[in-house]
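To be precise, the following lines are my_file-v7.cif, and they hold mmCIF, C-alpha atoms.
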```
data_structure
loop_
_atom_site.label_atom_id
_atom_site.label_comp_id
_atom_site.auth_asym_id
_atom_site.auth_seq_id
_atom_site.Cartn_x
_atom_site.Cartn_y
_atom_site.Cartn_z
CA MET A 1 -25.02 42.94 3.67
CA PHE A 2 -21.95 44.93 4.72
CA ARG A 3 -23.66 45.88 7.99
CA GLN A 4 -24.45 42.23 8.61
CA LEU A 5 -20.85 41.16 8.01
CA LEU A 6 -19.19 43.92 10.00
CA PRO A 7 -19.92 42.37 13.45
CA ILE A 8 -18.39 39.05 12.36
CA SER A 9 -15.51 40.44 10.30
CA ALA A 10 -13.02 39.81 13.13
CA LEU A 11 -14.15 36.20 13.38
CA LEU A 12 -13.87 35.71 9.63
CA LEU A 13 -10.38 37.20 9.76
CA GLY A 14 -9.40 34.87 12.60
CA SER A 15 -10.73 31.88 10.69
CA ALA A 16 -8.93 32.96 7.51
CA LEU A 17 -5.63 33.28 9.38
CA LEU A 18 -6.16 29.88 11.00
CA LEU A 19 -6.85 28.20 7.64
CA PHE A 20 -4.00 30.05 5.91
CA ALA A 21 -1.55 28.79 8.53
CA GLY A 22 -3.05 25.31 8.21
CA GLY A 23 -2.57 25.42 4.44
CA VAL A 24 1.10 26.38 4.79
CA HIS A 25 1.67 23.77 7.49
CA SER A 26 -0.04 20.93 5.64
CA LEU A 27 2.03 21.43 2.48
CA ILE A 28 5.44 22.34 3.92
CA LEU A 29 5.67 19.08 5.86
CA PRO A 30 5.46 16.62 2.92
CA VAL A 31 7.63 18.88 0.73
CA ARG A 32 10.34 19.26 3.37
CA GLY A 33 10.03 15.65 4.50
CA SER A 34 10.43 14.39 0.95
CA ALA A 35 13.49 16.62 0.51
CA GLU A 36 14.96 15.15 3.71
CA GLY A 37 14.49 11.60 2.41
CA PHE A 38 11.59 10.55 4.64
CA THR A 39 9.93 7.36 3.44
CA ALA A 40 6.41 7.53 2.03
CA SER A 41 5.25 5.42 4.98
CA SER A 42 6.57 8.01 7.42
CA LEU A 43 4.95 10.84 5.50
CA GLY A 44 1.67 8.92 5.43
CA LEU A 45 1.82 8.58 9.20
CA LEU A 46 1.85 12.38 9.41
CA GLY A 47 -1.67 12.32 7.97
CA THR A 48 -2.71 9.52 10.30
CA GLY A 49 -1.38 11.42 13.30
CA TRP A 50 -3.16 14.60 12.23
CA ALA A 51 -6.46 12.75 11.76
CA ILE A 52 -6.21 11.12 15.20
CA GLY A 53 -5.56 14.50 16.79
CA TYR A 54 -8.37 16.13 14.81
CA VAL A 55 -10.95 13.53 15.84
CA LEU A 56 -9.87 13.79 19.48
CA GLY A 57 -10.07 17.57 19.24
CA CYS A 58 -13.63 17.44 17.93
CA LEU A 59 -14.62 15.11 20.78
CA THR A 60 -12.88 16.88 23.68
CA ALA A 61 -12.91 20.58 22.75
CA PRO A 62 -16.48 21.09 24.10
CA ARG A 63 -15.33 19.94 27.56
CA LEU A 64 -12.27 22.19 27.50
CA VAL A 65 -14.38 25.19 26.52
CA GLY A 66 -16.88 24.35 29.24
CA ALA A 67 -14.07 24.34 31.80
CA VAL A 68 -12.11 27.50 30.92
CA GLY A 69 -14.15 29.36 28.29
CA HIS A 70 -13.95 30.08 24.58
CA THR A 71 -11.29 32.80 24.54
CA ARG A 72 -8.77 31.02 26.74
CA THR A 73 -9.21 27.71 24.96
CA PHE A 74 -8.80 29.34 21.56
CA GLY A 75 -5.62 31.07 22.69
CA VAL A 76 -4.18 27.81 23.98
CA MET A 77 -5.03 25.99 20.76
CA CYS A 78 -3.38 28.62 18.56
CA ALA A 79 -0.32 28.77 20.82
CA PHE A 80 0.21 25.01 20.79
CA ALA A 81 -0.35 24.91 17.01
CA ALA A 82 2.41 27.52 16.60
CA VAL A 83 4.69 25.60 18.96
CA SER A 84 4.11 22.38 17.01
CA VAL A 85 5.20 24.03 13.74
CA LEU A 86 8.38 25.40 15.33
CA LEU A 87 9.21 22.05 16.94
CA GLN A 88 9.00 20.40 13.54
CA ALA A 89 11.39 23.00 12.14
CA ILE A 90 13.88 22.36 14.96
CA VAL A 91 13.70 18.55 15.08
CA VAL A 92 13.54 17.28 11.51
CA ALA A 93 12.82 13.57 12.01
CA PRO A 94 9.76 11.35 11.49
CA TRP A 95 9.72 10.14 15.11
CA ALA A 96 9.25 13.74 16.24
CA TRP A 97 7.02 15.00 13.45
CA ILE A 98 4.31 12.33 13.70
CA PRO A 99 3.20 12.87 17.35
CA VAL A 100 3.62 16.65 17.02
CA ARG A 101 1.41 16.55 13.93
CA ALA A 102 -1.27 14.87 16.08
CA VAL A 103 -1.02 17.79 18.51
CA SER A 104 -1.49 20.28 15.67
CA GLY A 105 -4.55 18.35 14.43
CA PHE A 106 -6.05 18.48 17.92
CA CYS A 107 -5.43 22.22 18.21
CA PHE A 108 -6.72 22.98 14.73
CA ALA A 109 -10.00 21.16 15.41
CA GLY A 110 -10.56 22.93 18.72
CA ALA A 111 -9.75 26.36 17.32
CA ALA A 112 -12.01 25.87 14.29
CA MET A 113 -14.91 24.74 16.49
CA ILE A 114 -14.60 27.83 18.67
CA VAL A 115 -14.62 30.24 15.71
CA GLU A 116 -17.65 28.49 14.23
CA SER A 117 -19.43 28.54 17.60
CA TRP A 118 -18.93 32.32 17.75
CA LEU A 119 -20.22 32.73 14.20
CA ASN A 120 -23.21 30.54 14.98
CA ASP A 121 -24.03 32.70 17.99
CA ARG A 122 -23.71 35.97 16.04
CA ALA A 123 -25.63 34.87 12.93
CA GLN A 124 -29.31 35.74 12.60
CA PRO A 125 -31.75 33.21 11.11
CA SER A 126 -32.36 35.46 8.10
CA THR A 127 -28.64 35.79 7.28
CA ARG A 128 -27.26 32.44 8.42
CA GLY A 129 -27.13 30.93 4.94
CA LYS A 130 -25.21 33.89 3.49
CA ILE A 131 -22.82 33.97 6.42
CA PHE A 132 -22.11 30.26 6.12
CA GLY A 133 -21.51 30.66 2.38
CA ILE A 134 -19.10 33.57 2.91
CA TYR A 135 -17.37 31.68 5.71
CA THR A 136 -16.88 28.68 3.41
CA MET A 137 -15.48 30.84 0.60
CA VAL A 138 -13.13 32.70 2.95
CA ASN A 139 -11.75 29.44 4.30
CA LEU A 140 -11.34 27.96 0.83
CA ALA A 141 -9.42 31.03 -0.32
CA ALA A 142 -7.29 30.98 2.83
CA VAL A 143 -6.31 27.32 2.48
CA THR A 144 -5.48 27.80 -1.20
CA GLY A 145 -3.45 30.93 -0.44
CA GLY A 146 -1.52 29.11 2.28
CA GLN A 147 -0.64 26.28 -0.07
CA MET A 148 0.30 28.54 -2.98
CA VAL A 149 2.59 30.78 -0.88
CA ILE A 150 4.97 27.81 -0.59
CA SER A 151 6.03 28.42 -4.19
CA ALA A 152 7.29 31.92 -3.33
CA GLY A 153 10.45 30.83 -1.51
CA ASP A 154 12.73 28.03 -0.38
CA ALA A 155 10.64 25.17 0.98
CA THR A 156 13.67 23.33 2.41
CA GLY A 157 14.55 25.95 5.01
CA PHE A 158 13.07 27.51 8.15
CA LEU A 159 11.09 30.31 6.45
CA PHE A 160 7.68 28.71 5.92
CA PHE A 161 7.66 27.00 9.31
CA ALA A 162 8.11 30.46 10.82
CA VAL A 163 5.40 31.90 8.56
CA ALA A 164 2.91 29.25 9.67
CA ALA A 165 3.76 29.79 13.36
CA ILE A 166 3.42 33.58 13.04
CA VAL A 167 0.04 33.34 11.32
CA TYR A 168 -1.23 30.85 13.93
CA CYS A 169 -0.36 33.44 16.59
CA LEU A 170 -2.03 36.23 14.63
CA ALA A 171 -5.21 34.12 14.41
CA LEU A 172 -5.82 34.40 18.15
CA ILE A 173 -5.86 38.23 18.15
CA PRO A 174 -9.43 38.80 16.84
CA THR A 175 -11.02 36.62 19.55
CA ALA A 176 -8.62 37.83 22.26
CA LEU A 177 -9.68 41.43 21.61
CA SER A 178 -13.37 40.63 21.37
CA THR A 179 -15.55 42.32 24.00
CA SER A 180 -18.64 40.21 23.27
CA GLU A 181 -19.98 37.60 25.63
CA SER A 182 -18.98 34.00 25.12
CA PRO A 183 -21.31 32.13 22.76
CA THR A 184 -23.43 29.09 23.46
CA PRO A 185 -21.70 25.79 24.37
CA LEU A 186 -19.93 23.90 21.62
CA THR A 187 -21.73 21.10 19.84
CA SER A 188 -20.87 17.76 21.43
CA VAL A 189 -21.14 14.53 19.43
CA ARG A 190 -21.05 10.94 20.61
CA LEU A 191 -20.26 8.45 17.86
CA ASN A 192 -23.04 5.85 17.57
CA LEU A 193 -22.24 3.60 14.61
CA PRO A 194 -25.27 1.27 14.96
CA ALA A 195 -27.68 4.22 14.92
CA LEU A 196 -25.91 5.82 11.96
CA TRP A 197 -25.96 2.50 10.11
CA ARG A 198 -29.67 2.06 10.73
CA ASN A 199 -30.22 5.55 9.40
CA SER A 200 -28.27 5.02 6.15
CA PRO A 201 -25.78 2.20 5.40
CA VAL A 202 -24.67 3.90 2.18
CA ALA A 203 -23.79 7.10 4.01
CA VAL A 204 -21.73 5.33 6.68
CA ALA A 205 -19.82 3.10 4.25
CA ALA A 206 -19.28 5.85 1.69
CA VAL A 207 -18.12 8.48 4.17
CA PHE A 208 -15.57 6.06 5.63
CA LEU A 209 -14.24 5.28 2.14
CA VAL A 210 -14.19 8.98 1.22
CA GLY A 211 -12.18 9.57 4.40
CA ILE A 212 -9.66 6.98 3.21
CA SER A 213 -9.31 8.40 -0.30
CA ASN A 214 -9.45 12.11 0.52
CA ALA A 215 -7.08 11.95 3.49
CA ALA A 216 -4.61 9.81 1.56
CA PHE A 217 -4.60 12.36 -1.23
CA GLY A 218 -4.56 15.37 1.08
CA THR A 219 -1.54 14.01 2.96
CA LEU A 220 0.53 12.60 0.11
CA ALA A 221 -0.42 14.61 -2.99
CA ALA A 222 2.67 16.80 -2.61
CA VAL A 223 4.86 13.72 -2.18
CA TYR A 224 3.41 12.18 -5.34
CA ALA A 225 3.93 15.41 -7.30
CA ASP A 226 7.50 15.74 -6.06
CA ARG A 227 8.40 12.16 -6.93
CA VAL A 228 7.05 12.38 -10.47
CA GLY A 229 9.31 15.38 -11.02
CA LEU A 230 7.03 18.43 -10.78
CA ALA A 231 8.52 21.79 -9.80
CA LEU A 232 7.56 23.48 -6.52
CA THR A 233 4.96 25.78 -8.10
CA SER A 234 3.37 22.79 -9.83
CA ILE A 235 3.38 20.86 -6.54
CA ALA A 236 1.42 23.68 -4.91
CA LEU A 237 -1.02 23.71 -7.82
CA PHE A 238 -1.33 19.92 -7.66
CA ALA A 239 -2.52 20.27 -4.05
CA SER A 240 -4.72 23.35 -4.59
CA ILE A 241 -6.48 22.74 -7.92
CA PRO A 242 -8.43 19.67 -6.70
CA VAL A 243 -9.90 21.60 -3.76
CA LEU A 244 -11.00 24.47 -6.00
CA ALA A 245 -12.40 22.05 -8.59
CA GLY A 246 -14.33 20.26 -5.86
CA ALA A 247 -15.82 23.54 -4.65
CA LEU A 248 -16.97 24.43 -8.17
CA SER A 249 -18.35 20.98 -8.98
CA GLN A 250 -20.60 21.01 -5.90
CA VAL A 251 -22.99 23.42 -7.62
CA PRO A 252 -24.04 21.13 -10.51
CA ILE A 253 -23.68 17.99 -8.40
CA GLY A 254 -25.87 19.48 -5.67
CA PHE A 255 -28.44 20.57 -8.25
CA ALA A 256 -28.59 17.01 -9.62
CA SER A 257 -28.73 15.36 -6.20
CA ASP A 258 -31.76 17.46 -5.19
CA ARG A 259 -33.66 16.18 -8.24
CA MET A 260 -32.76 12.49 -8.37
CA ASP A 261 -31.59 9.64 -6.20
CA ARG A 262 -28.53 10.96 -4.35
CA ARG A 263 -27.02 7.48 -4.43
CA VAL A 264 -26.95 7.63 -8.22
CA VAL A 265 -25.20 11.01 -8.07
CA LEU A 266 -22.70 9.61 -5.57
CA LEU A 267 -22.19 6.61 -7.84
CA ALA A 268 -21.51 8.87 -10.83
CA ALA A 269 -18.96 10.90 -8.86
CA ALA A 270 -17.23 7.70 -7.74
CA VAL A 271 -17.05 6.46 -11.34
CA VAL A 272 -15.43 9.74 -12.45
CA ALA A 273 -12.99 9.53 -9.54
CA LEU A 274 -12.17 5.92 -10.43
CA ALA A 275 -11.49 6.90 -14.06
CA ALA A 276 -9.02 9.54 -12.84
CA ASP A 277 -7.46 7.01 -10.42
CA LEU A 278 -6.89 4.53 -13.22
CA ALA A 279 -5.47 7.21 -15.50
CA PHE A 280 -2.85 8.05 -12.88
CA VAL A 281 -2.04 4.37 -12.30
CA LEU A 282 -2.00 3.17 -15.93
CA LEU A 283 -0.73 6.25 -17.77
CA ALA A 284 1.77 7.33 -15.08
CA PRO A 285 1.79 10.95 -16.36
CA GLU A 286 5.01 12.87 -15.83
CA GLY A 287 4.34 16.25 -17.46
CA ARG A 288 2.81 19.23 -15.66
CA THR A 289 -0.20 19.68 -17.96
CA MET A 290 -1.51 16.12 -17.83
CA ASN A 291 -0.99 15.80 -14.08
CA LEU A 292 -2.82 19.05 -13.34
CA PHE A 293 -5.68 18.18 -15.70
CA LEU A 294 -6.17 14.72 -14.20
CA VAL A 295 -5.94 15.96 -10.63
CA GLY A 296 -8.54 18.64 -11.42
CA VAL A 297 -10.97 15.94 -12.60
CA PHE A 298 -10.08 13.84 -9.58
CA GLY A 299 -10.70 16.72 -7.15
CA ALA A 300 -13.99 17.71 -8.80
CA ALA A 301 -15.25 14.20 -8.03
CA ILE A 302 -13.81 13.38 -4.60
CA PHE A 303 -14.37 16.74 -2.91
CA ALA A 304 -18.03 16.85 -3.96
CA MET A 305 -18.86 13.44 -2.47
CA TYR A 306 -18.99 14.39 1.21
CA PRO A 307 -21.87 16.92 1.03
CA VAL A 308 -23.87 14.47 -1.13
CA ILE A 309 -23.38 11.79 1.52
CA VAL A 310 -24.43 14.13 4.34
CA ALA A 311 -27.50 15.26 2.40
CA HIS A 312 -28.46 11.63 1.69
CA ALA A 313 -28.12 10.67 5.36
CA ASN A 314 -30.19 13.66 6.46
CA ASP A 315 -32.93 12.66 4.01
CA HIS A 316 -33.41 9.60 6.24
CA ALA A 317 -32.78 11.24 9.61
CA PRO A 318 -35.60 11.70 12.12
CA PRO A 319 -36.74 15.32 12.49
CA GLY A 320 -34.46 17.42 14.66
CA THR A 321 -31.38 15.17 14.40
CA SER A 322 -29.63 16.53 11.31
CA ILE A 323 -26.71 18.02 13.24
CA GLN A 324 -26.24 14.79 15.17
CA VAL A 325 -26.20 12.80 11.92
CA SER A 326 -23.77 15.20 10.26
CA GLY A 327 -21.49 15.20 13.30
CA GLY A 328 -21.53 11.41 13.50
CA LEU A 329 -20.66 11.10 9.82
CA LEU A 330 -17.80 13.51 10.32
CA MET A 331 -16.40 11.23 13.02
CA VAL A 332 -16.67 8.23 10.66
CA PHE A 333 -14.91 10.32 8.01
CA GLY A 334 -12.19 10.95 10.61
CA LEU A 335 -11.78 7.22 11.18
CA GLY A 336 -11.28 6.73 7.46
CA SER A 337 -8.81 9.61 7.49
CA ILE A 338 -6.72 7.68 10.01
CA VAL A 339 -6.53 4.63 7.74
CA GLY A 340 -6.06 6.29 4.33
CA PRO A 341 -2.67 8.02 4.71
CA LEU A 342 -1.19 4.98 6.46
CA LEU A 343 -2.31 2.60 3.69
CA ALA A 344 -1.24 4.95 0.90
CA GLY A 345 2.16 5.55 2.52
CA VAL A 346 2.86 1.82 2.70
CA LEU A 347 1.82 1.29 -0.92
CA MET A 348 3.93 4.22 -2.12
CA SER A 349 6.93 2.77 -0.30
CA GLU A 350 6.36 -0.56 -2.03
CA VAL A 351 5.39 0.38 -5.58
CA GLY A 352 6.32 4.05 -5.94
CA PRO A 353 4.17 7.17 -6.47
CA ARG A 354 1.29 5.31 -8.12
CA GLY A 355 0.65 3.63 -4.73
CA LEU A 356 -1.29 6.76 -3.76
CA PHE A 357 -3.84 6.22 -6.51
CA LEU A 358 -3.92 2.46 -6.01
CA THR A 359 -5.28 3.32 -2.55
CA THR A 360 -7.99 5.54 -4.00
CA VAL A 361 -8.81 2.89 -6.63
CA VAL A 362 -9.61 0.39 -3.88
CA ALA A 363 -11.72 2.91 -1.95
CA HIS A 364 -13.74 3.95 -5.00
CA VAL A 365 -14.26 0.40 -6.31
CA VAL A 366 -15.66 -0.68 -2.93
CA MET A 367 -17.84 2.44 -2.81
CA ILE A 368 -19.25 1.76 -6.28
CA GLY A 369 -19.95 -1.88 -5.49
CA PHE A 370 -21.67 -1.19 -2.16
CA THR A 371 -23.75 1.66 -3.55
CA LEU A 372 -24.95 -0.46 -6.47
CA TRP A 373 -25.94 -3.20 -4.04
CA ARG A 374 -27.94 -0.78 -1.90
CA ILE A 375 -29.65 0.79 -4.92
CA ALA A 376 -30.77 -2.68 -5.96
CA ARG A 377 -32.13 -3.47 -2.49
CA SER A 378 -34.06 -0.32 -1.57
CA PRO A 379 -35.98 2.43 -3.40
CA ALA A 380 -34.96 6.06 -3.60
CA VAL A 381 -36.32 8.72 -1.26
CA ALA A 382 -39.33 10.55 -2.68
CA LEU A 383 -38.53 14.06 -3.87
CA ALA A 384 -41.08 15.53 -1.46
CA GLU A 385 -39.22 13.98 1.50
CA LYS A 386 -35.73 15.15 0.52
CA GLY A 387 -33.87 17.95 2.22
CA THR A 388 -31.66 20.50 0.49
CA PHE A 389 -28.06 19.94 -0.61
CA LYS A 390 -25.64 22.29 1.17
CA VAL A 391 -22.32 23.30 -0.35
CA SER A 392 -19.41 22.77 2.05
CA GLY A 393 -15.67 23.10 2.19
CA PRO A 394 -13.28 20.14 2.40
CA ALA A 395 -14.43 17.67 5.06
CA ARG A 396 -10.98 17.65 6.67
CA ALA A 397 -11.59 21.27 7.68
CA ALA A 398 -15.12 20.58 9.01
CA THR A 399 -16.12 20.05 12.63
CA PRO A 400 -19.40 19.20 14.39
CA GLU A 401 -19.78 22.95 14.92
CA THR A 402 -19.76 23.42 11.13
CA ALA A 403 -22.99 21.45 10.92
CA ALA A 404 -24.50 23.58 13.69
CA LEU A 405 -23.53 26.76 11.83
CA ALA A 406 -24.95 25.45 8.57
CA GLU A 407 -28.21 24.28 10.11
CA GLY A 408 -28.71 26.92 12.77
CA GLN A 409 -30.47 24.42 15.04
CA MET A 410 -27.94 23.89 17.80
CA GLU A 411 -30.07 25.43 20.54
CA ALA A 412 -32.85 22.96 19.81
CA MET A 413 -30.60 19.89 19.93
CA PRO A 414 -30.57 18.01 23.26
CA PHE A 415 -27.23 16.41 22.35
CA ALA A 416 -25.67 19.87 21.92
CA GLN A 417 -25.88 20.60 25.62
CA PRO A 418 -22.71 19.53 27.47
CA THR A 419 -24.72 18.92 30.65
CA ASP A 420 -26.43 15.85 29.15
CA PRO A 421 -25.29 12.63 30.85
CA PRO A 422 -23.38 10.19 28.59
CA ASP A 423 -26.26 7.71 28.55
CA ASN A 424 -28.93 10.26 27.66
CA PRO A 425 -31.32 8.51 25.27
CA ALA A 426 -31.42 11.71 23.19
CA GLN A 427 -27.96 10.72 22.00
CA ASP A 428 -29.37 7.81 20.02
CA LEU A 429 -30.90 8.05 16.58
CA PRO A 430 -34.27 6.30 16.36
CA PRO A 431 -35.06 4.82 12.98
CA ALA A 432 -36.91 7.38 10.90
CA LYS A 433 -38.37 5.10 8.28
CA GLU A 434 -39.06 1.45 7.75
CA ALA A 435 -36.00 -0.75 7.24
CA PRO A 436 -34.09 -1.39 5.12
CA GLN A 437 -32.62 2.08 4.95
CA HIS A 438 -30.46 3.46 2.18
#
```
Kindly present the structure from the file in structure tokens form.
Amino acid sequence: MFRQLLPISALLLGSALLLFAGGVHSLILPVRGSAEGFTASSLGLLGTGWAIGYVLGCLTAPRLVGAVGHTRTFGVMCAFAAVSVLLQAIVVAPWAWIPVRAVSGFCFAGAAMIVESWLNDRAQPSTRGKIFGIYTMVNLAAVTGGQMVISAGDATGFLFFAVAAIVYCLALIPTALSTSESPTPLTSVRLNLPALWRNSPVAVAAVFLVGISNAAFGTLAAVYADRVGLALTSIALFASIPVLAGALSQVPIGFASDRMDRRVVLLAAAVVALAADLAFVLLAPEGRTMNLFLVGVFGAAIFAMYPVIVAHANDHAPPGTSIQVSGGLLMVFGLGSIVGPLLAGVLMSEVGPRGLFLTTVVAHVVMIGFTLWRIARSPAVALAEKGTFKVSGPARAATPETAALAEGQMEAMPFAQPTDPPDNPAQDLPPAKEAPQH
């Protein structure tokens, strides 16, 4: 296995540095902004700006790479990401931070897609699953490390902005020094909501609602923890523990979803998440232990939902369209990620810290209700027709290229070729099974 990993070690290092810098950047902004007296609405708009930039990056990065190549585009993305961090350290004001955060989201998406495209090109069919698993674990560790390093110094000064900028610059070195040929073109996705809805209404509705809840939490968790009185180390843990718990919970949840109706598994996860939501709202915990316990339960539920949703949608997808379905769902998740931080920020400004979990309550109640309605209207997929659940990292760090790396089918996908005209009928998803779909 070591021989198989050696050729991609530089790419894994570049990805780890990129995610480490992203972890530092994503946590230092709400911590510093809260210390500067930014309103919760302003801090929520940071998440909205990032999500807008990230979605645009996923949609436009393939064209940029096609025009100037992988290495140059990756260098530009890392450079602008570093510049955005330094600008936010120099101009400490919401009016400056929000649009600059959109730029960093755009750059992060493009850089991540390029690294994953390189990995996809280097991976062999026999080792692709192991490589994707190692890639996911490396990224998870890098994000967690980036968030936890905040507790090692003064989060109200210039230090961690400089650290994030430096690591963004270091991330471009592995690809800049690579002597290998550029990989295949990046995966390009055109959002087609009617086709996705025909394929699986539950998947579309649920992934939008998960985008709302997960992005609201990912943006404002540190603000919540700060305003209920947790120390800096506990704030970092409050942001990191849920992601780790979600990674661990995917194993039993994936096992269950491969053996029963995935909608029931999604429903169970939503019920657990709702219980944690209500505990935060009704109990208003202030101590470190209770907050960390509840947020661990919360993360185990919410961060395991996305791969269940993708697996359910792919169970209904026509043969050869799994990457297109996964990429389309990611774009819907991005749309929810635009709404969630904005809504949670407004509620936190109006009712205090619990406004964050009032937002997730609404998202999970609607998800439970819609899923129950669909279960009552249509039967489950037969076990023989189901695909396989795939463990994944947080959806906010995923791109359409992630699906290509996980599936290893990009070369066979007509929509993955950037030369396809916009109205190519291959972009549409034909219904795979008789309506109504799940």
Calculate, to one decimal in Å, the centre and edge lengths of the box along x, y and z of the file that holds all listed atoms of stretch 331-342 of chain A with 4 Å of margin on each side, and present them as lines of an AutoDock Vina configuration file.
```
center_x = -8.9
center_y = 7.9
center_z = 8.7
size_x = 23.5
size_y = 14.6
size_z = 16.7
```
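Relative to atom CA of A:Val24, atom CA of A:Gly146 is found at 4.5 Å.
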Could you tell me which residues the PyMOL selection byres ((chain A and resi 245-261) around 8) grabs in this file, written as a PyMOL selection string?
chain A and resi 241-244+262-265+296-297+299-304+308+380-381+383+386-393
The selected residues should be written to file as an mmCIF file, keeping the file's coordinate frame (atoms: C-alpha atoms).
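The file below, again_21.cif, is the result:
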```
data_model
loop_
_atom_site.group_PDB
_atom_site.id
_atom_site.type_symbol
_atom_site.label_atom_id
_atom_site.label_comp_id
_atom_site.auth_asym_id
_atom_site.auth_seq_id
_atom_site.Cartn_x
_atom_site.Cartn_y
_atom_site.Cartn_z
ATOM 1 C CA ILE A 241 -6.480 22.740 -7.920
ATOM 2 C CA PRO A 242 -8.430 19.670 -6.700
ATOM 3 C CA VAL A 243 -9.900 21.600 -3.760
ATOM 4 C CA LEU A 244 -11.000 24.470 -6.000
ATOM 5 C CA ARG A 262 -28.530 10.960 -4.350
ATOM 6 C CA ARG A 263 -27.020 7.480 -4.430
ATOM 7 C CA VAL A 264 -26.950 7.630 -8.220
ATOM 8 C CA VAL A 265 -25.200 11.010 -8.070
ATOM 9 C CA GLY A 296 -8.540 18.640 -11.420
ATOM 10 C CA VAL A 297 -10.970 15.940 -12.600
ATOM 11 C CA GLY A 299 -10.700 16.720 -7.150
ATOM 12 C CA ALA A 300 -13.990 17.710 -8.800
ATOM 13 C CA ALA A 301 -15.250 14.200 -8.030
ATOM 14 C CA ILE A 302 -13.810 13.380 -4.600
ATOM 15 C CA PHE A 303 -14.370 16.740 -2.910
ATOM 16 C CA ALA A 304 -18.030 16.850 -3.960
ATOM 17 C CA VAL A 308 -23.870 14.470 -1.130
ATOM 18 C CA ALA A 380 -34.960 6.060 -3.600
ATOM 19 C CA VAL A 381 -36.320 8.720 -1.260
ATOM 20 C CA LEU A 383 -38.530 14.060 -3.870
ATOM 21 C CA LYS A 386 -35.730 15.150 0.520
ATOM 22 C CA GLY A 387 -33.870 17.950 2.220
ATOM 23 C CA THR A 388 -31.660 20.500 0.490
ATOM 24 C CA PHE A 389 -28.060 19.940 -0.610
ATOM 25 C CA LYS A 390 -25.640 22.290 1.170
ATOM 26 C CA VAL A 391 -22.320 23.300 -0.350
ATOM 27 C CA SER A 392 -19.410 22.770 2.050
ATOM 28 C CA GLY A 393 -15.670 23.100 2.190
#
```
A:Arg288 environment, 12 Å, all atoms listed in the file, sequence neighbours closer than 6 positions dropped, as a list in words:
Ala225, Asp226, Val228, Gly229, Leu230, Ala231, Leu232, Thr233, Ser234, Ile235, Ala236, Leu237, Phe238, Leu294 and Val295 of chain A
Counting all atoms listed in the file, which of A:Ile114, A:Cys169, A:Ile323, A:Ile28 gets nearest to A:Gly153?
A:Ile28
Would you give me, as CSV, each residue of stretch 202-221 of chain A having an atom within 12 Å of an atom of stretch 49-67 of chain A, along with its shortest atom pair and that distance in Å to one decimal, using all atoms listed in the file and sorting by chain and residue number?
```
residue,atom,partner,partner_atom,distance
A:Gly211,CA,A:Ala51,CA,9.8
A:Ile212,CA,A:Ala51,CA,10.8
A:Asn214,CA,A:Ala51,CA,11.6
A:Ala215,CA,A:Ala51,CA,8.3
A:Ala216,CA,A:Ala51,CA,10.8
A:Gly218,CA,A:Ala51,CA,11.2
A:Thr219,CA,A:Trp50,CA,9.4
```
For stretch 91-103 of chain A: contacts at 10 Å, only C-alpha atoms, fewer than 2 positions along chain excluded, given as an MDAnalysis selection string
chainID A and resid 25:26 29 32:33 36:39 41:57 77 80:81 83:89 105:108
Residues near stretch 399-403 of chain A, anyone? I mean within 8 Å using only C-alpha atoms, not counting same-chain ones fewer than 6 positions away, as a count of residues only.
14
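Considering all atoms listed in the file, the residue among A:Ala311, A:Ala273, A:Ala21, A:Ile8 positioned nearest to A:Phe161 is A:Ala21.
Residue nearest A:Met367 within the list A:Glu350, A:Ile309, A:Ala397, A:Leu343: A:Ile309 [criterion: smallest interatomic distance, all atoms listed in the file].
Atom pair atom CA of A:Leu19 / atom CA of A:Ala276 has a distance of 27.8 Å (rounded to one decimal).
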Nearest residue to A:Ala155 from the set A:Thr136, A:Thr175, A:Ser240, A:Ser34 (distances using all atoms listed in the file)
A:Ser34
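Residues captured in this structure file are Arg190, Leu191, Asn192, Pro194, Ala195, Leu196, Trp197, Arg198, Asn199, Pro201, Val204, Gly328, Leu329, Met331, Val332, Asp428 and Leu429 of chain A, according to the PyMOL selection byres ((chain A and resi 193) around 10).
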Work out how far apart atom CA of A:Gly340 and atom CA of A:His316 are and give it in Å to one decimal.
27.6 Å
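Here the question is which of A:Ile131, A:Val281, A:Val210, A:Ile166 gets nearest to A:His364 using all atoms listed in the file, and that residue is A:Val210.
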